[in-house]
Structures are given as structure tokens and as C-alpha cells.
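File shown: data.txt. Contents: compact mmCIF, C-alpha atoms.
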```txt
# COMPACT_ATOMS: atom_id res chain seq x y z
CA MET C 1 0.00 0.00 0.00
CA SER C 2 1.55 3.27 -1.08
CA THR C 3 2.05 6.23 1.23
CA ASN C 4 3.51 8.51 -1.42
CA VAL C 5 2.03 11.87 -2.31
CA VAL C 6 1.50 11.95 -6.06
CA ASP C 7 1.65 15.35 -7.77
CA ASN C 8 -0.94 15.62 -10.54
CA ASN C 9 -0.97 19.39 -10.92
CA THR C 10 0.51 19.10 -14.40
CA GLN C 11 -2.94 18.37 -15.83
CA SER C 12 -3.98 21.23 -18.10
CA GLN C 13 -6.92 23.31 -16.96
CA THR C 14 -9.38 24.80 -19.44
CA PRO C 15 -10.10 28.43 -18.50
CA MET C 16 -13.70 29.54 -18.13
CA ASP C 17 -15.47 32.73 -17.24
CA LYS C 18 -16.35 33.18 -13.60
CA ILE C 19 -20.01 32.37 -12.91
CA ASN C 20 -21.86 35.39 -11.55
CA LEU C 21 -25.17 35.05 -9.71
CA ASP C 22 -27.59 37.74 -8.54
CA LEU C 23 -29.01 36.75 -5.14
CA THR C 24 -31.39 39.72 -5.26
CA GLU C 25 -33.50 37.63 -7.65
CA LEU C 26 -34.33 35.30 -4.74
CA ASP C 27 -37.40 35.97 -2.65
CA ALA C 28 -37.13 36.22 1.14
CA HIS C 29 -38.04 32.56 1.70
CA GLU C 30 -35.48 31.28 -0.83
CA LEU C 31 -32.76 33.49 0.63
CA ALA C 32 -33.61 32.41 4.18
CA LEU C 33 -33.40 28.75 3.13
CA LEU C 34 -29.95 29.25 1.63
CA GLN C 35 -28.76 31.06 4.74
CA SER C 36 -30.13 28.48 7.15
CA GLN C 37 -28.85 25.47 5.23
CA THR C 38 -25.37 26.84 4.53
CA GLY C 39 -24.96 28.59 7.87
CA ILE C 40 -23.74 31.69 5.99
CA GLN C 41 -25.61 34.88 6.90
CA ASP C 42 -23.46 37.50 5.17
CA ILE C 43 -24.89 38.15 1.68
CA ASP C 44 -21.54 38.74 -0.01
CA GLU C 45 -20.03 35.62 1.54
CA LEU C 46 -23.13 33.62 0.61
CA LYS C 47 -22.91 34.87 -2.98
CA ARG C 48 -19.26 33.79 -3.21
CA HIS C 49 -20.15 30.37 -1.80
CA VAL C 50 -23.01 29.78 -4.25
CA GLU C 51 -20.92 30.95 -7.20
CA ASP C 52 -18.07 28.67 -6.16
CA VAL C 53 -20.36 25.64 -5.93
CA ALA C 54 -22.00 26.49 -9.27
CA GLU C 55 -18.62 26.87 -10.94
CA ARG C 56 -17.34 23.57 -9.53
CA ALA C 57 -20.53 21.83 -10.67
CA PHE C 58 -20.06 23.31 -14.15
CA LYS C 59 -16.45 22.10 -14.29
CA ALA C 60 -17.16 18.75 -12.67
CA ARG C 61 -15.52 15.87 -14.47
CA SER C 62 -14.98 12.19 -13.95
CA LYS C 63 -11.86 11.28 -11.99
CA PHE C 64 -11.90 7.61 -12.98
CA VAL C 65 -8.87 8.31 -15.18
CA TYR C 66 -6.80 8.90 -12.03
CA GLN C 67 -7.83 5.65 -10.32
CA PRO C 68 -5.59 2.63 -10.98
CA ILE C 69 -8.40 0.21 -10.07
CA TYR C 70 -10.69 1.54 -12.81
CA LYS C 71 -9.40 -0.87 -15.47
CA HIS C 72 -10.21 -3.75 -13.13
CA VAL C 73 -13.73 -2.35 -12.67
CA LEU C 74 -14.31 -2.24 -16.42
CA GLU C 75 -12.99 -5.80 -16.70
CA LEU C 76 -15.53 -6.94 -14.11
CA GLY C 77 -18.27 -5.50 -16.31
CA LYS C 78 -17.00 -7.50 -19.26
CA THR C 79 -16.18 -10.84 -17.64
CA ARG C 80 -18.48 -11.30 -14.64
CA LYS C 81 -22.06 -12.22 -15.44
CA ASP C 82 -24.52 -9.50 -14.37
CA ALA C 83 -21.86 -7.67 -12.35
CA ILE C 84 -23.65 -4.78 -10.66
CA PHE C 85 -21.94 -1.36 -10.52
CA LEU C 86 -23.25 1.05 -7.86
CA ASP C 87 -22.42 4.77 -7.78
CA ILE C 88 -23.16 6.10 -4.27
CA GLY C 89 -23.24 9.88 -3.92
CA CYS C 90 -23.57 10.14 -7.69
CA ALA C 91 -24.68 13.82 -7.71
CA LEU C 92 -25.24 14.80 -11.37
CA GLY C 93 -24.13 11.38 -12.56
CA HIS C 94 -20.87 12.29 -14.32
CA ASP C 95 -19.14 9.10 -13.19
CA THR C 96 -22.25 6.98 -13.70
CA ARG C 97 -22.30 8.04 -17.33
CA LYS C 98 -18.55 7.69 -17.71
CA VAL C 99 -18.53 4.02 -16.70
CA VAL C 100 -21.35 3.29 -19.17
CA ALA C 101 -19.58 5.23 -21.93
CA ASP C 102 -16.47 3.15 -21.25
CA GLY C 103 -18.35 -0.09 -21.84
CA TYR C 104 -19.92 -1.16 -18.54
CA PRO C 105 -23.33 -2.69 -19.39
CA VAL C 106 -25.93 -0.03 -18.65
CA GLN C 107 -28.43 -2.67 -17.50
CA ASN C 108 -26.08 -3.51 -14.60
CA VAL C 109 -25.51 0.06 -13.37
CA VAL C 110 -27.32 1.67 -10.40
CA ALA C 111 -26.99 5.20 -8.98
CA SER C 112 -27.86 6.70 -5.61
CA ASP C 113 -27.70 10.09 -3.93
CA LEU C 114 -29.30 11.89 -1.01
CA GLN C 115 -30.60 14.62 -3.33
CA PRO C 116 -32.77 13.42 -6.25
CA GLU C 117 -32.67 16.97 -7.63
CA PHE C 118 -29.04 16.40 -8.61
CA TRP C 119 -29.98 13.38 -10.74
CA THR C 120 -32.70 15.41 -12.44
CA LEU C 121 -30.21 18.21 -13.16
CA GLY C 122 -27.87 15.58 -14.57
CA HIS C 123 -30.48 14.61 -17.14
CA GLU C 124 -30.79 18.28 -18.08
CA LEU C 125 -27.01 18.73 -18.29
CA PHE C 126 -26.45 15.65 -20.46
CA LYS C 127 -29.74 16.03 -22.37
CA SER C 128 -30.80 12.53 -21.36
CA THR C 129 -34.01 11.03 -20.04
CA PRO C 130 -34.81 7.96 -17.92
CA GLU C 131 -35.57 6.27 -21.25
CA THR C 132 -32.34 7.20 -23.06
CA PHE C 133 -30.21 6.59 -19.94
CA PRO C 134 -32.15 3.85 -18.12
CA VAL C 135 -30.05 3.59 -14.96
CA PRO C 136 -32.14 3.02 -11.81
CA PHE C 137 -31.74 5.94 -9.40
CA ILE C 138 -32.45 5.20 -5.73
CA PRO C 139 -32.46 8.32 -3.53
CA GLY C 140 -31.71 8.08 0.16
CA ASN C 141 -29.38 8.67 3.08
CA ALA C 142 -26.63 6.04 3.20
CA LEU C 143 -26.44 6.42 7.00
CA ASP C 144 -30.16 5.70 7.42
CA GLU C 145 -30.84 2.25 8.87
CA ALA C 146 -33.92 1.86 6.66
CA PHE C 147 -31.92 2.70 3.53
CA ILE C 148 -28.95 0.39 4.23
CA PRO C 149 -29.69 -1.94 7.16
CA ASP C 150 -26.77 -2.71 9.46
CA CYS C 151 -25.15 -5.96 8.38
CA SER C 152 -21.67 -7.45 8.56
CA PRO C 153 -19.85 -8.16 5.26
CA PHE C 154 -20.85 -11.36 3.52
CA ASP C 155 -18.69 -14.44 3.18
CA ASN C 156 -19.58 -17.24 0.77
CA ALA C 157 -18.40 -19.88 3.23
CA SER C 158 -20.00 -18.83 6.51
CA HIS C 159 -22.25 -15.84 5.78
CA PRO C 160 -23.51 -15.91 2.16
CA PRO C 161 -26.11 -13.42 0.92
CA SER C 162 -29.59 -14.54 1.94
CA THR C 163 -31.37 -12.98 -1.04
CA GLU C 164 -31.23 -13.38 -4.81
CA LYS C 165 -29.44 -10.75 -6.88
CA PRO C 166 -32.10 -8.11 -7.70
CA THR C 167 -33.16 -7.47 -11.28
CA GLN C 168 -33.15 -3.99 -12.81
CA SER C 169 -36.95 -3.88 -12.67
CA ILE C 170 -36.85 -4.51 -8.91
CA LEU C 171 -34.21 -1.82 -8.42
CA THR C 172 -36.16 0.70 -10.48
CA SER C 173 -38.98 0.59 -7.93
CA SER C 174 -36.84 0.04 -4.82
CA LYS C 175 -36.94 2.60 -2.00
CA SER C 176 -33.65 1.44 -0.45
CA LEU C 177 -30.34 -0.24 -1.22
CA ALA C 178 -31.22 -3.23 0.97
CA PRO C 179 -31.90 -5.55 -2.03
CA LEU C 180 -28.31 -4.96 -3.14
CA GLN C 181 -26.65 -6.15 0.07
CA GLY C 182 -24.08 -8.80 -0.82
CA HIS C 183 -24.64 -8.43 -4.56
CA VAL C 184 -22.62 -5.44 -5.85
CA SER C 185 -19.43 -6.21 -7.77
CA ALA C 186 -18.12 -2.63 -7.91
CA ILE C 187 -19.06 0.30 -5.67
CA HIS C 188 -17.90 3.81 -6.48
CA VAL C 189 -18.07 6.31 -3.61
CA SER C 190 -16.21 9.60 -4.09
CA ALA C 191 -16.33 12.90 -2.17
CA LEU C 192 -18.62 11.39 0.47
CA PHE C 193 -16.69 10.03 3.45
CA HIS C 194 -14.90 13.33 4.08
CA LEU C 195 -18.25 15.03 4.74
CA PHE C 196 -18.59 13.25 8.09
CA GLY C 197 -16.88 12.81 11.43
CA GLU C 198 -14.76 9.77 12.21
CA SER C 199 -17.47 7.77 13.99
CA GLN C 200 -20.00 8.36 11.20
CA GLN C 201 -17.43 7.24 8.64
CA ARG C 202 -17.09 3.94 10.48
CA VAL C 203 -20.85 3.42 10.26
CA LEU C 204 -20.85 4.40 6.59
CA ALA C 205 -17.96 2.06 5.75
CA ARG C 206 -19.70 -0.88 7.43
CA LYS C 207 -22.95 -0.19 5.55
CA ILE C 208 -21.21 0.15 2.20
CA GLY C 209 -19.16 -2.95 2.94
CA SER C 210 -22.39 -4.91 3.42
CA LEU C 211 -23.36 -4.12 -0.17
CA LEU C 212 -20.24 -5.67 -1.69
CA SER C 213 -20.38 -9.13 -3.23
CA PRO C 214 -18.17 -11.70 -1.46
CA GLU C 215 -16.79 -12.86 -4.82
CA PRO C 216 -13.01 -12.30 -5.08
CA GLY C 217 -12.25 -9.21 -7.14
CA SER C 218 -15.31 -7.27 -6.00
CA VAL C 219 -14.22 -3.75 -5.15
CA ILE C 220 -15.15 -0.49 -3.43
CA PHE C 221 -13.22 2.55 -4.68
CA GLY C 222 -13.20 6.32 -4.68
CA ILE C 223 -11.52 9.68 -4.12
CA GLN C 224 -11.98 12.03 -1.19
CA ARG C 225 -10.22 14.69 0.86
CA GLY C 226 -7.23 13.30 2.71
CA PHE C 227 -4.24 14.49 4.69
CA ALA C 228 -0.78 13.23 5.64
CA THR C 229 -1.88 13.25 9.28
CA PRO C 230 -5.43 12.12 10.10
CA GLY C 231 -7.56 14.56 12.02
CA GLU C 232 -10.52 16.89 12.24
CA HIS C 233 -11.06 19.88 9.96
CA GLU C 234 -13.74 22.56 9.93
CA ASN C 235 -15.89 22.66 6.80
CA PRO C 236 -17.43 25.88 5.36
CA ARG C 237 -20.54 25.36 7.51
CA GLY C 238 -18.50 25.33 10.69
CA GLU C 239 -18.93 21.58 11.20
CA MET C 240 -16.04 19.35 12.22
CA VAL C 241 -15.29 16.59 9.71
CA PHE C 242 -12.53 13.98 9.63
CA TRP C 243 -9.90 13.54 6.92
CA HIS C 244 -8.05 10.24 6.82
CA SER C 245 -4.42 9.54 6.06
CA VAL C 246 -3.34 6.47 4.11
CA GLU C 247 -2.61 4.62 7.35
CA SER C 248 -5.83 5.53 9.17
CA TRP C 249 -7.88 4.68 6.08
CA LYS C 250 -6.44 1.17 6.01
CA LYS C 251 -7.21 0.73 9.71
CA LEU C 252 -10.81 1.73 9.09
CA TRP C 253 -11.27 -1.22 6.73
CA VAL C 254 -9.01 -3.94 8.16
CA GLY C 255 -8.33 -2.77 11.69
CA GLY C 256 -5.05 -2.51 13.54
CA GLU C 257 -3.59 -3.28 16.92
CA GLY C 258 -6.56 -3.43 19.27
CA GLU C 259 -8.88 -2.04 16.60
CA GLU C 260 -11.59 -3.81 14.64
CA GLY C 261 -12.07 -2.94 10.99
CA VAL C 262 -14.99 -3.41 8.62
CA TYR C 263 -13.44 -6.63 7.30
CA PRO C 264 -11.45 -9.38 9.03
CA LYS C 265 -7.75 -9.41 8.17
CA GLY C 266 -7.01 -11.24 4.95
CA MET C 267 -10.48 -10.75 3.43
CA VAL C 268 -9.68 -7.54 1.52
CA GLU C 269 -6.73 -5.72 0.04
CA VAL C 270 -6.67 -1.96 0.73
CA ASP C 271 -4.73 0.37 -1.54
CA ALA C 272 -4.49 4.12 -0.94
CA THR C 273 -2.38 7.04 -2.14
CA LEU C 274 -2.40 10.72 -1.27
CA TRP C 275 -2.89 12.65 -4.47
CA ASP C 276 -1.70 16.28 -4.60
CA HIS C 277 -4.06 17.91 -7.07
CA LYS C 278 -5.34 21.38 -6.27
CA LEU C 279 -7.83 21.68 -9.15
CA GLY C 280 -7.06 25.38 -9.42
CA SER C 281 -7.50 26.02 -5.69
CA GLN C 282 -5.12 28.25 -3.76
CA GLU C 283 -5.81 26.29 -0.57
CA PRO C 284 -2.54 24.87 0.81
CA ASN C 285 -2.12 21.18 1.57
CA ARG C 286 -5.22 20.23 -0.39
CA CYS C 287 -4.69 16.54 -1.00
CA PHE C 288 -7.02 13.78 -2.06
CA LEU C 289 -7.03 10.16 -0.98
CA VAL C 290 -7.30 7.80 -3.96
CA TRP C 291 -8.26 4.37 -2.68
CA SER C 292 -9.72 0.93 -3.29
CA VAL C 293 -10.85 -1.98 -1.11
CA LYS C 294 -10.84 -5.27 -3.03
CA ARG C 295 -12.08 -8.68 -1.91
CA VAL C 296 -9.35 -11.28 -2.13
CA GLU C 297 -11.23 -14.21 -0.56
```
Turn the structure described in the file into C-alpha cells.
Amino acid sequence: MSTNVVDNNTQSQTPMDKINLDLTELDAHELALLQSQTGIQDIDELKRHVEDVAERAFKARSKFVYQPIYKHVLELGKTRKDAIFLDIGCALGHDTRKVVADGYPVQNVVASDLQPEFWTLGHELFKSTPETFPVPFIPGNALDEAFIPDCSPFDNASHPPSTEKPTQSILTSSKSLAPLQGHVSAIHVSALFHLFGESQQRVLARKIGSLLSPEPGSVIFGIQRGFATPGEHENPRGEMVFWHSVESWKKLWVGGEGEEGVYPKGMVEVDATLWDHKLGSQEPNRCFLVWSVKRVE
């Protein structure tokens, strides 16, 4: 498992005009909602925040190209029968569409996000419809017990999945990810873990781990904020969140001395690298953790 910091700032950036928004067009209720949900009361600061988010959404792009495990994921789609790909925290669906464009069978792809409005905006952005891009979208909170029931990872020998692999028609009408537990061959989850504190991340990792198929080669992978030293950081809303290092991320999944991980030792292989890529930001020490958790038995 690598602990190196990889510098990827040599990637060319396409310039674009700064997005400008007029918050005076909002009525009092809309403005109050933005202020209450963001925790930002100052109008000028709120305007900068909204413009920054809008600009990042406009420039959003798939980061699969930076993930070494991605070729393995595409191979699963080609060689494993009905291998399900799940994109958790899919937002507008950039990565969901990327994996389909790269050859993953669309009938085996599922997407999920807390905000269904993002998925709708994705259809507008890509000029698609549920008919032209027929990927089941299942909205919900991944930390919600009703959405992903608590369950330990599956093991074909002693704890095999108790349900049949769900069909696309079942998933299209599903209100939770429960039917997928133990049946997903590849799970993509980027820019999600770093939104939470350390204890919530443990819960989230266990829930996502329960979705993974016990077949060797099944994999969970993603990119998120990381740091050379694990610890708490304050987000723009004033909330304390936790950023993992390479070492602490491995311990989350496989444990360490006196610590229990999501999986027993020897069941998965964890790979992680700190990736130094500022994406045009002037923020110092802005690193990302590029990682994968692959079943080996």
C-alpha cells in the first residue's frame, strides 16, 4: 500500500469565465433557506459560496482516469455475469455516465444520492431522459438504517447473501439499497466520506461494505479529501469533519492493533495514495485520498 504523495498538478486546466449570480433575484423565503442550510448569513459571503459551488458543478468531471483500479472495474463489467456497478453519492451522474460510456453494461448500473434533484439536473445537463439513460436511481441517506440496514460483510463460506441478486426492474422501484446487500461487484463512492466525522465514517464504511459481493475481485473505490496526518477539519458550515491519512484509512477497513475494521484481516486488500491535485484552488495542503478496497477471498 503506497504512502507517497503523487503530484498531478501538471494536468492542463481549461479556462472559463467566472459564474456570476444575482441573489437579489431570490425571494425572502429562498434566501432564508440558503442562509439556514449553509450557515452563511453574510450576503456577499453567501454569494461567493453559491458561485463557487455552481462553478465547480459546471467544471465537474470524472476522476476515474486517475484511479488505478478503474481498469479492473471495467474488466468486471466484461467478464463477470450480471456484475452490478453502484455509484453512491452520484450527484449529477458524471461518473455513472462515464462508466457506461467506457463499456460497462448499462443494464447492470445503479446510482444513488441523497438529493434526487441532482440526478434530475444531470439529465438536463447531459440532455438525457430515464428512457435514453435507463439507470435506476435510488435516492436516500446512506447512513439511514432503513436505507442500508446494518449488516456485517458477507462471506460465501459462513455468511452468504440470503437474497437473490435483484433485477433492474426490482431496483427501479426500490426505495432502499437493501436488495443490493451482498450483490454489488463494484461500488464507487467519491467525495462522500470526508463530509462526516470519524465515527460516522465507520458506520458508513460498514454499511457500504455490506453491499459488496463476497466474490473475489469485487471492489469499493473512490476519491476524497485526505491528509498526511489524520484529524478533524472545519468545513465551510463550521462543522467538524474527519480527513483520513493512508494509514488511518487502512485501519478503518481492516483494523489494527486493538482495533476492529470493517473486514477481518485477509479478506480484503486496501490500496491508498495521497494525491496532490489542487484543481485550481489556492488552498494549501489540499490533498485527495485515492483508494480501493478489493475482496481477495
**Asked** In Å, how far is it from CA of Thr273 (chain C) to CA of Val290 (chain C)?
**Response**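 Computing the Euclidean distance for CA of Thr273 (chain C) and CA of Val290 (chain C) yields 5.3 Å.
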**Asked** Hey, which of C:Thr96, C:Ser190, C:Ser218, C:Ser245 ends up closest to Arg80 (chain C)? Count all atoms listed in the file.
**Response**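 Looking only at the distances to Arg80 (chain C), the closest residue turns out to be C:Ser218.
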**Message:** With only C-alpha atoms as the counted atoms, please give the residues lying no more than 8 Å from Tyr263 (chain C), apart from itself and same-chain residues fewer than 3 positions off, as a PyMOL selection string.
**Reply:** chain C and resi 153+253-255+267-268
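One finds CA of Asn156 (chain C) at 21.9 Å from CA of Glu75 (chain C).
For the pair CA of Glu215 (chain C) and CA of Trp291 (chain C), the separation is 19.3 Å.
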Give me, as JSON lines, the closest atom pair and its distance (Å, one decimal) for every residue of region 105-209 of chain C within a cut-off of 12 Å of region 235-238 of chain C, counting only C-alpha atoms, rows sorted by chain and rising number.
```
{"residue": "C:His194", "atom": "CA", "partner": "C:Asn235", "partner_atom": "CA", "distance": 9.8}
{"residue": "C:Leu195", "atom": "CA", "partner": "C:Asn235", "partner_atom": "CA", "distance": 8.2}
{"residue": "C:Phe196", "atom": "CA", "partner": "C:Asn235", "partner_atom": "CA", "distance": 9.9}
{"residue": "C:Gly197", "atom": "CA", "partner": "C:Asn235", "partner_atom": "CA", "distance": 10.9}
```
**Asked** With only C-alpha atoms as the basis for distance, which of C:Leu26, C:Val99, C:Val203, C:Ala91 is at the shortest distance from Lys71 (chain C)?
**Response**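 Answer, going by the shortest atom-to-atom distance: C:Val99.
If you measure from each of C:Ser185, C:Ser248, C:Ser152, C:Thr163 to Asp82 (chain C) using all atoms listed in the file, the closest one turns out to be C:Ser185.
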**Request:** Rank nothing, just name the residue among C:Glu232, C:Asp87, C:Glu239, C:Asp22 nearest to Thr38 (chain C), using only C-alpha atoms.
**Result:**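 With only C-alpha atoms as the atom set, the closest residue is C:Glu239.
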**Message:** Taking 3 positions as the minimum chain separation for residues in the same chain, which residues sit within 10 Å of Pro68 (chain C) when counting only C-alpha atoms? Answer as a ChimeraX atom specification.
**Reply:** /C:64-65,71-73,221,271,290-292
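For the residues C:Ser36, C:Phe147, C:Phe137, C:Asn108, ranking by smallest atom-to-atom distance to Pro166 (chain C) using all atoms listed in the file places C:Asn108 first.
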**Close residues, region 226-228 of chain C itself excluded, 7 Å, all atoms listed in the file, min 6 positions apart in chain, as a VMD selection string** = chain C and resid 243 to 245 274 287 to 289
**Message:** Using all atoms listed in the file, can you tell me which of C:Leu121, C:Leu86, C:Val50, C:Val100 comes closest to Ile138 (chain C)?
**Reply:**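 When distances to Ile138 (chain C) are compared using all atoms listed in the file, the smallest one comes from C:Leu86.
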Report the centre and edge lengths, in Å to one decimal, of an axis-aligned box enclosing every atom of region 207-211 of chain C listed in the file, padded by 5 Å on each side, as lines of an AutoDock Vina configuration file.
```
center_x = -21.3
center_y = -2.4
center_z = 2.7
size_x = 14.2
size_y = 15.1
size_z = 15.7
```
For His233 (chain C), list every protein, DNA or RNA residue within 8 Å, evaluated using all atoms listed in the file, and leave out those in the same chain fewer than 3 positions away; present the list as a PDB file with C-alpha atoms, in the frame of the given file.
```
ATOM      1  CA  MET C 240     -16.040  19.350  12.220  1.00  0.00           C
ATOM      2  CA  VAL C 241     -15.290  16.590   9.710  1.00  0.00           C
ATOM      3  CA  PHE C 242     -12.530  13.980   9.630  1.00  0.00           C
ATOM      4  CA  TRP C 243      -9.900  13.540   6.920  1.00  0.00           C
TER       5      TRP C 243
END
```
